[in-house]
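Reviewing the structure listed below.
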Amino acid sequence: MASRYLQINRLRIMRRGHAAYDQNFHPGVNIIRGENGSGKSTISDFIFFVLGGEFDDWKDVASRCDEVQAEIETSKGMLVLKRATSSAQQPVSVFFGGFEDASKSALDRWETFPLRRSGSKESFSQVMFRTLGIPEAQSDGASNITMHQLLRLCYSDQRTPAMRVFRYESFDTQSIREAVGDLICGISGYELYELGLEIRNKEKAFSKIDAKLSSFLGALKLENALATPASINAKIQELTTEKARLHAEIRDVDRYIDTGEVGDFLTERKTARTRLSKQRDAISALEGDISEAEFELREIAQFQNFLEEQTAKLAAAQLSLDVVGAIAFSHCPACGKEIVAPDVEGQCHVCKEDLDPDIEKARYNQIRLDLEIQSRETNQLLSQKSGSLTEKLSEIRKKRSEHKRDLTQYQVKYSGPNGPREAFLAARTNRIGHIDAEEAYLLSNLQVAEEIEALSAEKATLQAELDTKNARAAALRTAAGKRRMVALSSVSRIAAAILRSDLPRQDEFIAAQDVSVNFKNDANSVDGTYNFAESSNVFLKNATIFALFLAAMKDDTFYHPRFLLFDNIEDKGMQEERSHLFQKLIVEYATAFEAPFQIIFTTSMMNPALELQDYVVGPAYTHENRSLDLGIPSAKA
């Protein structure tokens, strides 16, 4: 499988339908050059923005543009991105294919994604992460790890203080920085980050259950022999048997209904019977609903299995196409006539149509995303249906309890005839009344006992889950520590070598051995020293970000997009010869790799040795010929 990479093929910035900027970029090193104030940083900000950066602090001329478009390429195919510049949270429209196809296609082939996940709607970051082969966030908490956060380690701008590694933003957390740094270094995706969130949530739930359980235990007013649902149900069954015997004795007193019985008795009995009938109908209807809900759940589960099978088959089909390639027919499958191979490479030898592997990649990627969206929606529907079924089961238990109580009352008052032997009937009726009261008392305590039993089981389950998750987190921390050591040791070695290649401007750089990177604290140091001259801080920061990129080029375990954007090479009083050196180091180190990558940097101190068509993008910008052409002579980029 090809290494993951992100590459911009073309960038177009629009103003009222007019292209204010339209340039093609190439694989490898891309240099945007020009005088200070000619608009180079503006182009960098637009690149950051179209790739998912949350940015709206536009300069005067940039604020007059209304849309930025880019054709990007990854190992899984090409995409065209389109994003209005009106706000930092503006969604991104995506076309699965290249610029040319996008310009000819109808709007229904474009899909719009919000920057952040919202409910069941896929986010732009999820689309990009899947396209780049980077693990995507599974939980709502980890969904804060977005393309914007990833780009903060790939875009070195002029606004960020030189001592910071991440691109600066006002609202930032150590946990997010650590998670993003670990992700780029290839440390167990999001699992450790998500486990931390889950453990905290489950610990809170455990505390609530423990407090609730203590409250219920204090409310249970039964002797120890009747402290469990099983013992209470056994006692209720015993009382029910006794009551049935009393009813049988009452029925045997007189088998005939007194003809002088008051008519109200018959009316009341009819009303009670009607109520019981309605209760039975309601229970029956609920039983039907429950049966239907259980059937739907089975159907949804089967559909989910189908989606998983289709996803697996799609992956196998794409792998087969990559490994085996298109099937070459020697004879026409329709008429059997021998087929002459095409003269032009890259054509179908049957229909002679051009074959574009990038379109095939984009099509597979789109189908994969559609299947994953359906799978997510099916999981949500499954959760909703399960919740509804639980509510119905609770409701039917309640209705059955009410029906049982009313049926008992009906049997006491109406099932036996009202005969002359009042004393006999009164004694048994009185005992039945006591039994009913005792049953009611036991039933009320039964609910508490069942709640206690359920809470105890839930508490035990939570404790087991916490134990499992804590053990898993400990194992992940151990594995993460090993992987972090490997990754950051590689970064340290490369960064130290870059620093030793610097001009003799900073004593600590001349014999640098260890460059330590701390993502959590957003800092780095050289052999334990943290602060240097401002221009040296810039050199150190860029060397660290570049070393992270180079380490990823050597080790595919990194989840780095193999993309860098430098807009601060000459920041903080950098000397021209030092800038030329760093430009030269970028080209020498990066071009030593054959794997695809892209580095874009801006400079007002162009190294003459790099003024080559293979590296430069667009003309050398001046105050008269700025990067953005708005057709307004006085406009400043």
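Every chain in the structure tokens takes a letter, A first, then B, and so on in the order presented; its residues are numbered from 1, and the ligands are numbered from 1 following the presented order.
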Which of stretch 2-108 of chain A counts as strand (DSSP E or B) under DSSP, as a PDB file with C-alpha atoms, in the first residue's frame please?
ATOM      1  CA  GLN A   7      -0.727  17.128  -1.978  1.00  0.00           C
ATOM      2  CA  ILE A   8      -2.286  20.291  -3.405  1.00  0.00           C
ATOM      3  CA  ASN A   9      -2.375  20.154  -7.214  1.00  0.00           C
ATOM      4  CA  ARG A  10      -4.133  23.442  -7.815  1.00  0.00           C
ATOM      5  CA  LEU A  11      -5.277  26.397  -5.708  1.00  0.00           C
ATOM      6  CA  ARG A  12      -7.834  28.925  -6.900  1.00  0.00           C
ATOM      7  CA  ILE A  13      -9.086  31.924  -4.895  1.00  0.00           C
ATOM      8  CA  MET A  14     -12.292  33.545  -6.134  1.00  0.00           C
ATOM      9  CA  ARG A  15     -13.846  36.993  -5.853  1.00  0.00           C
ATOM     10  CA  HIS A  18     -13.286  36.001 -10.883  1.00  0.00           C
ATOM     11  CA  ALA A  19     -10.108  34.055 -10.115  1.00  0.00           C
ATOM     12  CA  ALA A  20      -7.957  36.376  -8.034  1.00  0.00           C
ATOM     13  CA  TYR A  21      -5.331  33.606  -7.745  1.00  0.00           C
ATOM     14  CA  ASP A  22      -5.008  30.408  -9.775  1.00  0.00           C
ATOM     15  CA  GLN A  23      -1.799  28.390  -9.644  1.00  0.00           C
ATOM     16  CA  ASN A  24      -0.782  24.777 -10.119  1.00  0.00           C
ATOM     17  CA  GLY A  28       7.747  17.733  -3.646  1.00  0.00           C
ATOM     18  CA  VAL A  29       9.046  21.219  -2.796  1.00  0.00           C
ATOM     19  CA  ASN A  30       7.011  24.291  -3.804  1.00  0.00           C
ATOM     20  CA  ILE A  31       8.378  27.810  -3.253  1.00  0.00           C
ATOM     21  CA  ILE A  32       6.199  30.946  -3.252  1.00  0.00           C
ATOM     22  CA  ARG A  33       8.554  33.910  -3.492  1.00  0.00           C
ATOM     23  CA  GLY A  34       8.203  37.652  -3.506  1.00  0.00           C
ATOM     24  CA  GLU A  67     -14.274  31.465  -1.917  1.00  0.00           C
ATOM     25  CA  VAL A  68     -11.199  29.257  -2.062  1.00  0.00           C
ATOM     26  CA  GLN A  69     -10.973  26.075  -4.147  1.00  0.00           C
ATOM     27  CA  ALA A  70      -8.318  23.370  -4.242  1.00  0.00           C
ATOM     28  CA  GLU A  71      -7.679  20.133  -6.039  1.00  0.00           C
ATOM     29  CA  ILE A  72      -5.891  17.813  -3.620  1.00  0.00           C
ATOM     30  CA  GLU A  73      -4.420  14.378  -4.119  1.00  0.00           C
ATOM     31  CA  THR A  74      -3.920  11.495  -1.688  1.00  0.00           C
ATOM     32  CA  GLY A  77      -7.446   9.494  -5.141  1.00  0.00           C
ATOM     33  CA  MET A  78      -8.228  13.126  -5.877  1.00  0.00           C
ATOM     34  CA  LEU A  79     -10.727  15.473  -4.258  1.00  0.00           C
ATOM     35  CA  VAL A  80     -11.798  19.007  -5.057  1.00  0.00           C
ATOM     36  CA  LEU A  81     -12.508  21.192  -2.030  1.00  0.00           C
ATOM     37  CA  LYS A  82     -14.561  24.376  -2.098  1.00  0.00           C
ATOM     38  CA  ARG A  83     -15.080  26.647   0.907  1.00  0.00           C
ATOM     39  CA  ALA A  84     -16.598  30.096   1.363  1.00  0.00           C
ATOM     40  CA  VAL A  92     -16.482  22.433   3.086  1.00  0.00           C
ATOM     41  CA  SER A  93     -17.991  21.193  -0.171  1.00  0.00           C
ATOM     42  CA  VAL A  94     -16.249  18.110  -1.577  1.00  0.00           C
ATOM     43  CA  PHE A  95     -16.183  16.612  -5.076  1.00  0.00           C
TER      44      PHE A  95
END
Point-to-point distance in Å for atom CA of A:Asn233 and atom CA of A:Asp406: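 Spanning atom CA of A:Asp406 to atom CA of A:Asn233 is a straight-line distance of 18.8 Å.
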Based on the backbone DSSP call, show me all residues of stretch 155-250 of chain A assigned helix (DSSP H, G or I), as a CSV table (one decimal) with C-alpha atoms, in the first residue's frame.
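Final output, states-v4.csv:
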chain,number,residue,atom,x,y,z
A,174,GLN,CA,-2.8,20.2,26.9
A,175,SER,CA,-4.9,17.0,26.4
A,176,ILE,CA,-5.7,18.0,22.8
A,177,ARG,CA,-2.1,18.9,22.0
A,178,GLU,CA,-0.9,15.6,23.5
A,179,ALA,CA,-3.5,13.6,21.6
A,180,VAL,CA,-2.6,15.3,18.3
A,181,GLY,CA,1.1,14.8,18.8
A,182,ASP,CA,0.7,11.2,19.8
A,183,LEU,CA,-1.6,10.6,16.8
A,184,ILE,CA,1.0,12.0,14.4
A,191,GLU,CA,-7.9,4.8,21.9
A,192,LEU,CA,-5.9,6.0,24.9
A,193,TYR,CA,-7.4,9.4,24.7
A,194,GLU,CA,-10.9,8.0,24.4
A,195,LEU,CA,-10.3,5.5,27.2
A,196,GLY,CA,-9.4,8.4,29.5
A,197,LEU,CA,-12.7,10.1,28.7
A,198,GLU,CA,-14.6,6.9,29.2
A,199,ILE,CA,-12.9,6.1,32.5
A,200,ARG,CA,-13.7,9.5,33.9
A,201,ASN,CA,-17.4,9.2,32.8
A,202,LYS,CA,-17.7,5.7,34.2
A,203,GLU,CA,-16.2,6.8,37.5
A,204,LYS,CA,-18.8,9.5,37.7
A,205,ALA,CA,-21.6,7.0,36.9
A,206,PHE,CA,-20.2,4.6,39.5
A,207,SER,CA,-20.3,7.3,42.2
A,208,LYS,CA,-23.9,8.2,41.4
A,209,ILE,CA,-25.0,4.5,41.4
A,210,ASP,CA,-23.2,3.9,44.7
A,211,ALA,CA,-25.1,6.9,46.3
A,212,LYS,CA,-28.4,5.8,44.9
A,213,LEU,CA,-27.9,2.2,46.1
A,214,SER,CA,-27.2,3.4,49.7
A,215,SER,CA,-30.4,5.4,49.5
A,216,PHE,CA,-32.5,2.4,48.4
A,217,LEU,CA,-31.0,0.1,51.0
A,218,GLY,CA,-32.1,2.6,53.7
A,219,ALA,CA,-35.6,2.7,52.2
A,224,ASN,CA,-33.5,-10.0,56.0
A,225,ALA,CA,-35.5,-13.1,55.1
A,226,LEU,CA,-37.5,-11.0,52.6
A,229,PRO,CA,-36.8,-10.2,44.9
A,230,ALA,CA,-36.8,-14.0,44.9
A,231,SER,CA,-37.8,-14.2,48.6
A,232,ILE,CA,-40.5,-11.5,48.2
A,233,ASN,CA,-41.9,-13.2,45.1
A,234,ALA,CA,-42.0,-16.5,47.0
A,235,LYS,CA,-44.0,-14.9,49.8
A,236,ILE,CA,-46.4,-13.3,47.3
A,237,GLN,CA,-46.9,-16.7,45.6
A,238,GLU,CA,-47.7,-18.2,49.0
A,239,LEU,CA,-50.3,-15.4,49.7
A,240,THR,CA,-51.8,-15.9,46.2
A,241,THR,CA,-52.2,-19.6,46.8
A,242,GLU,CA,-54.0,-18.9,50.1
A,243,LYS,CA,-56.2,-16.3,48.5
A,244,ALA,CA,-57.2,-18.8,45.7
A,245,ARG,CA,-58.2,-21.2,48.4
A,246,LEU,CA,-60.4,-18.6,50.1
A,247,HIS,CA,-62.0,-17.7,46.8
A,248,ALA,CA,-62.8,-21.4,46.2
A,249,GLU,CA,-64.5,-21.6,49.6
A,250,ILE,CA,-66.5,-18.4,48.9
Non-local contacts of A:Asn365 (12 Å; only C-alpha atoms; under 6 positions in same chain excluded) as a list in words: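 Surrounding residues, per the criterion: Thr74, Ser75, Lys76, Gly77, Met78, Leu79, Phe95, Phe96, Gly97, Val127, Met128, Phe129, Arg130, Thr131, Leu132, Gly133, Thr311, Leu314, Ala315, Gln318, Asp358, Ile359, Leu371 and Glu372 of chain A.
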Counting only C-alpha atoms, the residue of A:Arg493, A:Glu294, A:Pro91, A:Leu407 that sits nearest A:Thr274: A:Leu407
Residues of stretch 3-82 of chain A that have any atom at most 9 Å from an atom of stretch 112-124 of chain A: could you tabulate them with the shortest-distance atom pair and the distance in Å to one decimal, using only C-alpha atoms, ordered by chain and increasing number, as a tab-separated table?
residue	atom	partner	partner_atom	distance
A:Gly52	CA	A:Leu115	CA	6.8
A:Gly53	CA	A:Leu115	CA	8.8
A:Glu54	CA	A:Leu115	CA	8.5
Gap from atom CA of A:Leu442 to atom CA of A:Ser456 - Å, one decimal: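 Here the two named atoms are 20.1 Å from each other.
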Closest of A:His580, A:Leu51, A:His403, A:Glu611 to A:Lys278 - atom-to-atom distances counting only C-alpha atoms: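 Once distances to A:Lys278 are computed over only C-alpha atoms, the minimum belongs to A:His403.
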Selection near A:Asn531, 8 Å with only C-alpha atoms, sequence-local residues under 5 positions removed, as a PyMOL selection string: chain A and resi 163+525+537
Go ahead and dump the residues you just picked, all heavy atoms, as an mmCIF file, in the first residue's frame.
data_model
loop_
_atom_site.group_PDB
_atom_site.id
_atom_site.type_symbol
_atom_site.label_atom_id
_atom_site.label_comp_id
_atom_site.auth_asym_id
_atom_site.auth_seq_id
_atom_site.Cartn_x
_atom_site.Cartn_y
_atom_site.Cartn_z
ATOM 1 N N MET A 163 8.702 30.219 20.184
ATOM 2 C CA MET A 163 9.014 29.133 21.116
ATOM 3 C C MET A 163 7.939 28.054 21.134
ATOM 4 O O MET A 163 8.099 27.034 21.794
ATOM 5 C CB MET A 163 9.185 29.707 22.531
ATOM 6 C CG MET A 163 10.423 30.578 22.686
ATOM 7 S SD MET A 163 10.606 31.197 24.364
ATOM 8 C CE MET A 163 10.873 29.663 25.255
ATOM 9 N N SER A 525 13.327 21.703 23.357
ATOM 10 C CA SER A 525 14.584 22.157 23.945
ATOM 11 C C SER A 525 15.735 21.464 23.254
ATOM 12 O O SER A 525 15.570 20.424 22.597
ATOM 13 C CB SER A 525 14.611 21.844 25.446
ATOM 14 O OG SER A 525 14.559 20.439 25.660
ATOM 15 N N ASN A 537 15.288 30.670 17.796
ATOM 16 C CA ASN A 537 14.038 29.997 18.177
ATOM 17 C C ASN A 537 13.241 29.618 16.933
ATOM 18 O O ASN A 537 12.644 28.540 16.864
ATOM 19 C CB ASN A 537 13.203 30.904 19.082
ATOM 20 C CG ASN A 537 13.711 30.924 20.510
ATOM 21 O OD1 ASN A 537 14.319 29.968 20.974
ATOM 22 N ND2 ASN A 537 13.468 32.017 21.213
#
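Considering the residues A:Lys104, A:Arg400, A:Arg376, A:Lys59 and counting only C-alpha atoms, A:Ile283 has its shortest atom-to-atom contact with A:Arg400.
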